[in-house]
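One structure is given below, encoded as structure tokens.
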Amino acid sequence: MNPTELSTALAMLRDAAPLVHNITNQVVANLTANALLAIGASPAMVQAEEEVEEFVVQAAALVVNIGTLLAPQRRAMHLAARHAGQAGIPWVLDPVAAGATAFRRETAQDLLALRPAVLRGNGSEILALAGEDGGGKGVDSGAATGRAVAAARAVARREGVVVAVTGAIDHVTDGTRMVTVGNGHPLLTRVTGTGCTATALIGAFLGAGLPPLTAAVAGLATLGVAAEQAAGAAAGPASFQVALLDRLHGLDGATLAARARLG
Ligand SMILES: Nc1ncnc2c1ncn2[C@@H]1O[C@H](COP(=O)(O)OP(=O)(O)OP(=O)(O)O)[C@@H](O)[C@H]1O
Ligand SMILES: Cc1ncsc1CCO
Ligand SMILES: [Mg+2]
């Protein structure tokens with residue numbers, strides 16, 4: 001992918017300021033909402049099963065994240081994802097700790113069958129959805145990149161979705177094409193919910209009308225470049241998290257295109 005596509009994507013996002021409907025976990029809700037505001041989108045966290053269908057059709061995109069899953073929330077996710085699909089509203093799935101329990105595995109598979117535009121997970125999560133032992137440690141990955149990338153391609157082909165598997169190098173595939181994003185910083189793994197932030201940013205780019213592969217690459221490159229800038233000014237995870245929001249807000253298209261390391 002040409003890096004100039006990234007600056008176009010960012011301009012489209014800021015122009016559209018898309019309403020992004022999130023059904024997400026209680027650990028990251030605040031960081032996710034702030035990251036979406038910082039990049040130029042409008043977040044809303046709406047998760048009652050009584051209202052998600054009515055709400056999702058008002059949104060430009062939907063983000064579904066199973067991090068702190070409860071049965072009523074699972075029902076709300078299914079209703080919202082199904083309704084989004086029927087209404088042509090793109091959505092992105094984050095299958096947090098999908099391999100850890102049967103409840104998570106079954107929920108993630110059920111949601112995947114509703115065809116998100118993009119599936120974004122760490123290596124262990126994508127391996128679990130490919131039916132392999134992903135070796136995760138709770139919400140954290142323990143997977144080797146090579147196996148996870150092969151699993152991403154397999155899941156993308158099987159389900160007909162774009163799969164993004166994150167790590168030191170991110171890989172995005174539609175089952176045929178493969179794009180890598182080499183940006184990022186190890187401090188991203190010392191703040192909770194940066195993967196969830198990546199997923200939400202992908203949702204914002206989907207809401208701006210970008211095709212799934214472009215939206216996924218743009219979301220990951222945006223986060224990775226902002227993280228590299230934030231790390232330079234950070235004393236540790238706490239100041240890094242604050243600086244990350246500042247850098248997402250301040251990022252311009254020319255800098256994004258110049259600093260993105262796409263392969
Ligand atoms: N070692 C690393 N070096 C640089 N960037 C990294 C590294 N590991 C992960 N990242 C980046 O951190 C972000 C989160 O990816 P990660 O794979 O850790 O997600 P995750 O495990 O789902 O996170 P969480 O559960 O905390 O939301 C991505 O943008 C990814 O590129
Ligand atoms: C720590 C944690 N536990 C459930 S979700 C979550 C946020 C990172 O995925
Ligand atoms: Mg995660």
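Residue numbering restarts at 1 in every chain; chains get A, B, ... in the order shown in the structure tokens, and ligands count up from 1 in that same order.
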- Message: So that I can see what lies close to stretch 1-13 of chain A, please list as number ranges by chain the residues with an atom at most 6 Å from it, counting only C-alpha atoms and leaving out residues fewer than 5 positions away in the same chain.
- Response: A: 205, 208, 218, 253, 257
- Query: Mind listing the residues within 12 Å of ligand 2, only C-alpha atoms and all ligand atoms counted, as a PyMOL selection string?
  - Reply: chain A and resi 24-32+65-70+94-98+100+104+120-122+125+136-141+188-199
- Task: Point out the residue among A:Ala233, A:Val163, A:Leu245, A:Leu93 with the least atom-to-atom distance to ligand 3, counting only C-alpha atoms and all ligand atoms.
- Result: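 Of A:Ala233, A:Val163, A:Leu245, A:Leu93, the one nearest ligand 3 is A:Leu93, counting only C-alpha atoms and all ligand atoms.
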- Message: I'd like to know which residues of stretch 1-250 of chain A are strand (DSSP E) (by DSSP, run on the backbone); could you write them as JSON, numbers by chain?
- Response: {"A": [19, 20, 21, 22, 23, 42, 43, 44, 45, 61, 62, 63, 64, 65, 91, 92, 93, 94, 118, 119, 120, 121, 122, 162, 163, 164, 165, 166, 170, 171, 172, 173, 178, 179, 180, 181]}
Take the selection from the previous step and output its residues with N, CA and C atoms, as a short mmCIF file (atom, residue, chain, number, x, y, z; two decimals), in the first residue's frame.
data_model
loop_
_atom_site.label_atom_id
_atom_site.label_comp_id
_atom_site.auth_asym_id
_atom_site.auth_seq_id
_atom_site.Cartn_x
_atom_site.Cartn_y
_atom_site.Cartn_z
N LEU A 19 -19.46 8.96 13.83
CA LEU A 19 -19.98 8.44 15.11
C LEU A 19 -19.64 6.96 15.19
N VAL A 20 -18.87 6.58 16.19
CA VAL A 20 -18.45 5.19 16.35
C VAL A 20 -19.13 4.60 17.58
N HIS A 21 -19.97 3.60 17.34
CA HIS A 21 -20.70 2.89 18.40
C HIS A 21 -19.79 1.80 18.95
N ASN A 22 -19.53 1.84 20.26
CA ASN A 22 -18.65 0.84 20.90
C ASN A 22 -19.44 0.00 21.90
N ILE A 23 -19.29 -1.31 21.77
CA ILE A 23 -19.71 -2.22 22.85
C ILE A 23 -18.41 -2.86 23.31
N SER A 42 -16.24 10.59 16.81
CA SER A 42 -17.17 10.78 17.94
C SER A 42 -17.52 9.42 18.52
N PRO A 43 -17.05 9.11 19.73
CA PRO A 43 -17.36 7.81 20.32
C PRO A 43 -18.66 7.82 21.10
N ALA A 44 -19.33 6.66 21.14
CA ALA A 44 -20.43 6.47 22.08
C ALA A 44 -20.37 5.03 22.56
N MET A 45 -20.44 4.85 23.89
CA MET A 45 -20.44 3.53 24.50
C MET A 45 -21.89 3.19 24.84
N ALA A 61 -20.01 3.37 12.22
CA ALA A 61 -19.31 2.09 12.38
C ALA A 61 -19.55 1.57 13.79
N LEU A 62 -19.34 0.26 13.96
CA LEU A 62 -19.54 -0.41 15.25
C LEU A 62 -18.24 -1.11 15.65
N VAL A 63 -17.89 -1.02 16.94
CA VAL A 63 -16.73 -1.73 17.50
C VAL A 63 -17.24 -2.70 18.55
N VAL A 64 -16.91 -3.98 18.40
CA VAL A 64 -17.35 -5.00 19.36
C VAL A 64 -16.11 -5.63 19.99
N ASN A 65 -16.04 -5.57 21.33
CA ASN A 65 -14.84 -6.02 22.07
C ASN A 65 -15.30 -6.85 23.26
N TRP A 91 -18.35 -3.01 10.73
CA TRP A 91 -17.99 -3.20 12.14
C TRP A 91 -16.72 -4.01 12.26
N VAL A 92 -16.09 -3.87 13.43
CA VAL A 92 -14.80 -4.50 13.69
C VAL A 92 -14.92 -5.28 14.99
N LEU A 93 -14.32 -6.47 15.00
CA LEU A 93 -14.39 -7.37 16.16
C LEU A 93 -13.03 -7.50 16.83
N ASP A 94 -13.00 -7.34 18.16
CA ASP A 94 -11.79 -7.58 18.97
C ASP A 94 -12.09 -8.76 19.89
N VAL A 118 -13.59 -6.22 9.70
CA VAL A 118 -12.22 -6.48 10.17
C VAL A 118 -12.27 -7.23 11.49
N LEU A 119 -11.39 -8.21 11.62
CA LEU A 119 -11.11 -8.89 12.89
C LEU A 119 -9.71 -8.47 13.31
N ARG A 120 -9.57 -7.89 14.54
CA ARG A 120 -8.23 -7.45 15.01
C ARG A 120 -7.94 -8.10 16.34
N GLY A 121 -6.85 -8.89 16.40
CA GLY A 121 -6.48 -9.51 17.66
C GLY A 121 -4.98 -9.67 17.76
N ASN A 122 -4.53 -10.08 18.95
CA ASN A 122 -3.12 -10.42 19.08
C ASN A 122 -2.92 -11.85 18.57
N VAL A 162 -11.29 -9.29 6.62
CA VAL A 162 -9.91 -8.84 6.76
C VAL A 162 -9.46 -9.12 8.19
N VAL A 163 -8.29 -9.71 8.34
CA VAL A 163 -7.76 -10.03 9.67
C VAL A 163 -6.49 -9.23 9.91
N ALA A 164 -6.43 -8.57 11.07
CA ALA A 164 -5.23 -7.84 11.49
C ALA A 164 -4.71 -8.51 12.76
N VAL A 165 -3.47 -8.99 12.69
CA VAL A 165 -2.85 -9.59 13.87
C VAL A 165 -1.72 -8.66 14.30
N THR A 166 -1.80 -8.20 15.57
CA THR A 166 -0.83 -7.20 16.05
C THR A 166 0.27 -7.84 16.87
N ASP A 170 2.81 -5.60 12.86
CA ASP A 170 1.41 -5.94 12.60
C ASP A 170 1.28 -6.50 11.19
N HIS A 171 0.38 -7.48 11.02
CA HIS A 171 0.11 -8.06 9.70
C HIS A 171 -1.38 -7.93 9.42
N VAL A 172 -1.69 -7.43 8.22
CA VAL A 172 -3.09 -7.27 7.82
C VAL A 172 -3.30 -8.03 6.52
N THR A 173 -4.32 -8.90 6.49
CA THR A 173 -4.53 -9.72 5.30
C THR A 173 -6.01 -9.90 4.99
N MET A 178 -1.19 -9.23 1.74
CA MET A 178 -0.66 -9.13 3.10
C MET A 178 0.11 -7.81 3.20
N VAL A 179 -0.28 -6.97 4.16
CA VAL A 179 0.42 -5.70 4.39
C VAL A 179 0.97 -5.72 5.81
N THR A 180 2.23 -5.31 5.98
CA THR A 180 2.80 -5.23 7.32
C THR A 180 2.94 -3.77 7.73
N VAL A 181 2.80 -3.56 9.04
CA VAL A 181 2.99 -2.23 9.63
C VAL A 181 4.06 -2.37 10.70
#
- Message: Write out as number ranges by chain the set of residues from stretch 35-233 of chain A that DSSP, computed on the backbone, places in helix (DSSP H, G or I).
- Response: A: 35-39, 52-56, 71-87, 102-112, 123-129, 145-159, 186-190, 194-207, 212-233
- Would you kindly return, as a PyMOL selection string, each protein, DNA or RNA residue with an atom no farther than 10 Å from any atom of A:Ala150, considering only C-alpha atoms and excluding same-chain residues fewer than 4 positions away? chain A and resi 126-127+130+145-146+154-156+175
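Atom pair atom 18 (O, counted along the ligand's line) of ligand 1 / atom CA of A:Leu79 has a distance of 28.2 Å (rounded to one decimal).
Minimum atom-to-atom distance to A:Gly182, evaluated using only C-alpha atoms, belongs to A:Leu262 out of A:Leu262, A:Leu37, A:Leu206, A:Val217.
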- Message: With distances taken over only C-alpha atoms and all ligand atoms, which residue among A:Pro18, A:Gly160, A:Gly167, A:Pro72 lies nearest ligand 3?
- Response: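 The shortest atom-to-atom distance to ligand 3 comes from A:Gly167.
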- A:Ile89: which residues within 9 Å, counting only C-alpha atoms, same-chain residues fewer than 5 positions away excluded, as an MDAnalysis selection string? chainID A and resid 56:57 59:62 81 83:84 206:207
Could you save the residues just selected, with C-alpha atoms, as a PDB file, in the first residue's frame?
ATOM      1  CA  VAL A  56     -26.238   1.223  15.743  1.00  0.00           C
ATOM      2  CA  VAL A  57     -28.108   2.466  12.674  1.00  0.00           C
ATOM      3  CA  ALA A  59     -23.580   5.239  13.778  1.00  0.00           C
ATOM      4  CA  ALA A  60     -21.044   5.164  10.948  1.00  0.00           C
ATOM      5  CA  ALA A  61     -19.310   2.086  12.384  1.00  0.00           C
ATOM      6  CA  LEU A  62     -19.541  -0.412  15.249  1.00  0.00           C
ATOM      7  CA  ALA A  81     -23.608  -6.891  14.870  1.00  0.00           C
ATOM      8  CA  HIS A  83     -28.360  -5.315  12.687  1.00  0.00           C
ATOM      9  CA  ALA A  84     -25.225  -3.501  11.506  1.00  0.00           C
ATOM     10  CA  LEU A 206     -14.208   2.138   8.579  1.00  0.00           C
ATOM     11  CA  GLY A 207     -16.740   4.767   9.646  1.00  0.00           C
TER      12      GLY A 207
END
- Task: Determine the nearest neighbour of ligand 1 from the options A:Ala33, A:Ala230, A:Ala243, A:Ile169, counting only C-alpha atoms and all ligand atoms.
- Result: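 Between A:Ala33, A:Ala230, A:Ala243, A:Ile169, the residue approaching ligand 1 most closely is A:Ile169.
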